[in-house]
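Here the structure comes first, spelled out in structure tokens, and everything after it is commentary.
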Amino acid sequence: MAGRLGLKIDVDTLDGLRKGVPALARILGERRIRASFFVALGPDNSGRAIFRVFKQRGFLEKMLRTRAPAVYGLKTMLYGTLLPGPSIAAAATDILPRLTAAGHEAGLHGYDHVRWHDGAGRMTAAQVWDEVQRGQREFIRICGRPARSFAAPGWQATEVSRTVLAAAGFRYASDTRGQCPYWPRFGPRVNPLLEIPTTLPTLDELWGMNGLTDKEFFDLILCRLDSGRPQVFTLHAEIEGGPCLDAFADFLDRALASGVQFFTLEDWAAELLKHSQRIAAAAVYSGRLPGRAGMVSRQAELPEAA
Ligand SMILES: [Zn+2]
């Protein structure tokens, strides 16, 4: 049976928005595929991520393996450090409405991507609320309505962040890595906001590992689509919309040729919420993933096995 695949496209940087998003929208449009874009709408402080080198095991190795300076460009790597972080929202004014007019989903990928990625674990509810509302204000200014979906930068979700996101009125979030949609459980408390996790590895995690090329990476992803379960793949405007655009377009062609059906996360969320009693709860824990520096929030186990 051919698989079903949701494309979750994270936009972390100004360059990713200005160059990667239009490139991805073009190759998706040519193939009549609709996808879910999540955009960080605050300052692009990517340069500050460099300081993770000193704090997180594996970050320097990953930066070098994925040729980060070539992918992101030297200027982006200095934003927020030697250069002031420019506003991503200011450049999104035309780009976001064009995306939604083309049938894509647009959601919020936080406000200051680096601040959330590195600090979400220590943020108070008031700090999370402030971060979310700053993003929403920009989203409303650009799109004329609030974002209905949220994807946590760096897959960093806590009980505090999820409580705030639920109160902020999002329909669902995609904050974690896991196997299937679920209600996130923190200790005994179940969060009332539907979670649709990323189920597949990302290119930046495996690219270059044991010499793996981008094309070989997408061979692996294609093999994983036959599992019978819908899958969610996270890609990055800076990577698949940049140096790996051709490999990604080739992957889309091969997926379509083998009958894979694409869906947006918001469409899937609407389907799932019609039968919300069928959605199971699962614990969230903080764990490592191959090729990714630091910890991410993960779905504990398949609900069926619980
Ligand atoms: Zn991101």
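Labels used: A, B, ... for chains in the order of the structure tokens, numbers from 1 for residues in each chain, and numbers from 1 for ligands as shown.
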
Kindly work out which residues sit at most 10 Å from ligand 1, using only C-alpha atoms and all ligand atoms, and give the list as a PDB file with N, CA and C atoms, in the first residue's frame.
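What ended up in selection.pdb:
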ATOM      1  N   ILE A   9       7.227  22.022   7.038  1.00  0.00           N
ATOM      2  CA  ILE A   9       8.379  22.806   6.578  1.00  0.00           C
ATOM      3  C   ILE A   9       8.689  23.886   7.598  1.00  0.00           C
ATOM      4  N   ASP A  10       9.826  23.762   8.277  1.00  0.00           N
ATOM      5  CA  ASP A  10      10.224  24.744   9.284  1.00  0.00           C
ATOM      6  C   ASP A  10      11.045  25.845   8.624  1.00  0.00           C
ATOM      7  N   VAL A  11      10.687  27.083   8.973  1.00  0.00           N
ATOM      8  CA  VAL A  11      11.408  28.249   8.448  1.00  0.00           C
ATOM      9  C   VAL A  11      12.013  28.961   9.651  1.00  0.00           C
ATOM     10  N   ASP A  12      13.328  28.813   9.809  1.00  0.00           N
ATOM     11  CA  ASP A  12      14.007  29.303  11.019  1.00  0.00           C
ATOM     12  C   ASP A  12      14.675  30.655  10.810  1.00  0.00           C
ATOM     13  N   THR A  13      14.998  31.004   9.567  1.00  0.00           N
ATOM     14  CA  THR A  13      15.867  32.165   9.311  1.00  0.00           C
ATOM     15  C   THR A  13      15.296  33.066   8.213  1.00  0.00           C
ATOM     16  N   PHE A  38       5.777  26.303   8.755  1.00  0.00           N
ATOM     17  CA  PHE A  38       5.805  26.903  10.095  1.00  0.00           C
ATOM     18  C   PHE A  38       6.943  27.911  10.135  1.00  0.00           C
ATOM     19  N   VAL A  39       6.578  29.174  10.408  1.00  0.00           N
ATOM     20  CA  VAL A  39       7.551  30.253  10.279  1.00  0.00           C
ATOM     21  C   VAL A  39       7.802  30.914  11.634  1.00  0.00           C
ATOM     22  N   ALA A  40       9.082  31.068  11.987  1.00  0.00           N
ATOM     23  CA  ALA A  40       9.469  31.869  13.160  1.00  0.00           C
ATOM     24  C   ALA A  40       9.391  33.332  12.740  1.00  0.00           C
ATOM     25  N   HIS A 109       6.123  29.083  14.020  1.00  0.00           N
ATOM     26  CA  HIS A 109       7.280  28.309  14.500  1.00  0.00           C
ATOM     27  C   HIS A 109       7.976  29.138  15.577  1.00  0.00           C
ATOM     28  N   GLY A 110       7.157  29.635  16.508  1.00  0.00           N
ATOM     29  CA  GLY A 110       7.677  30.473  17.580  1.00  0.00           C
ATOM     30  C   GLY A 110       7.953  31.885  17.112  1.00  0.00           C
ATOM     31  N   HIS A 113      13.430  32.034  17.445  1.00  0.00           N
ATOM     32  CA  HIS A 113      13.699  30.598  17.327  1.00  0.00           C
ATOM     33  C   HIS A 113      14.799  30.163  18.288  1.00  0.00           C
ATOM     34  N   VAL A 114      15.870  30.945  18.361  1.00  0.00           N
ATOM     35  CA  VAL A 114      17.016  30.555  19.182  1.00  0.00           C
ATOM     36  C   VAL A 114      16.656  30.607  20.667  1.00  0.00           C
ATOM     37  N   TRP A 116      13.703  30.173  22.061  1.00  0.00           N
ATOM     38  CA  TRP A 116      12.863  29.023  22.415  1.00  0.00           C
ATOM     39  C   TRP A 116      13.699  27.744  22.409  1.00  0.00           C
ATOM     40  N   HIS A 117      14.475  27.556  21.358  1.00  0.00           N
ATOM     41  CA  HIS A 117      15.260  26.335  21.207  1.00  0.00           C
ATOM     42  C   HIS A 117      16.152  26.122  22.427  1.00  0.00           C
ATOM     43  N   ALA A 151       4.392  24.988  15.889  1.00  0.00           N
ATOM     44  CA  ALA A 151       5.442  23.961  15.909  1.00  0.00           C
ATOM     45  C   ALA A 151       6.606  24.501  16.733  1.00  0.00           C
ATOM     46  N   ALA A 152       6.922  23.851  17.827  1.00  0.00           N
ATOM     47  CA  ALA A 152       7.945  24.355  18.743  1.00  0.00           C
ATOM     48  C   ALA A 152       9.328  24.306  18.098  1.00  0.00           C
ATOM     49  N   PRO A 153      10.085  25.402  18.149  1.00  0.00           N
ATOM     50  CA  PRO A 153      11.468  25.368  17.661  1.00  0.00           C
ATOM     51  C   PRO A 153      12.282  24.286  18.378  1.00  0.00           C
ATOM     52  N   GLY A 154      13.012  23.527  17.607  1.00  0.00           N
ATOM     53  CA  GLY A 154      13.913  22.521  18.181  1.00  0.00           C
ATOM     54  C   GLY A 154      13.207  21.375  18.888  1.00  0.00           C
ATOM     55  N   TRP A 155      11.882  21.211  18.619  1.00  0.00           N
ATOM     56  CA  TRP A 155      11.111  20.161  19.289  1.00  0.00           C
ATOM     57  C   TRP A 155      11.291  20.250  20.796  1.00  0.00           C
ATOM     58  N   THR A 234       9.642  16.392   8.628  1.00  0.00           N
ATOM     59  CA  THR A 234      10.021  17.800   8.787  1.00  0.00           C
ATOM     60  C   THR A 234      11.220  18.110   7.899  1.00  0.00           C
ATOM     61  N   LEU A 235      11.066  19.152   7.078  1.00  0.00           N
ATOM     62  CA  LEU A 235      12.190  19.640   6.280  1.00  0.00           C
ATOM     63  C   LEU A 235      12.421  21.097   6.627  1.00  0.00           C
ATOM     64  N   HIS A 236      13.538  21.638   6.173  1.00  0.00           N
ATOM     65  CA  HIS A 236      13.902  23.010   6.502  1.00  0.00           C
ATOM     66  C   HIS A 236      14.041  23.841   5.239  1.00  0.00           C
ATOM     67  N   ALA A 237      13.446  25.039   5.283  1.00  0.00           N
ATOM     68  CA  ALA A 237      13.535  25.943   4.135  1.00  0.00           C
ATOM     69  C   ALA A 237      14.989  26.214   3.780  1.00  0.00           C
ATOM     70  N   GLU A 238      15.864  26.190   4.802  1.00  0.00           N
ATOM     71  CA  GLU A 238      17.272  26.513   4.575  1.00  0.00           C
ATOM     72  C   GLU A 238      18.020  25.363   3.906  1.00  0.00           C
TER      73      GLU A 238
END

Could you name the residues that touch segment 24-27 of chain A at 9 Å or less, counting only C-alpha atoms, but leaving out those on the same chain fewer than 3 positions away, as a list in words?
Lys19, Gly20, Val21, Glu30, Arg31, Arg32, Ile33, Arg34, Ala35, Leu99, Ala102, His104, Ala237, Glu240, Gly241, Gly242, Leu245, Ala249 and Leu252 of chain A

When DSSP works through the backbone of this structure, what residues of segment 93-230 of chain A end up as helix (DSSP H, G or I), shown as a ChimeraX atom specification?
/A:93-101,113-122,125-143,153-155,159-167,203-206,209-211,214-227

At a cut-off of 12 Å, using only C-alpha atoms, what residues contact segment 280-289 of chain A? Leave out same-chain residues fewer than 5 positions from it and give the result as a VMD selection string.
chain A and resid 56 to 58 121 154 to 159 162 175 to 197 199 to 202 204 to 206 272 to 273 275 294 to 306

Spatial neighbours of Ile88 of chain A, max dist 10 Å, only C-alpha atoms, sep filter under 2 positions, as a VMD selection string:
chain A and resid 11 to 18 39 to 45 85 to 86 90 to 93 111 to 112 138
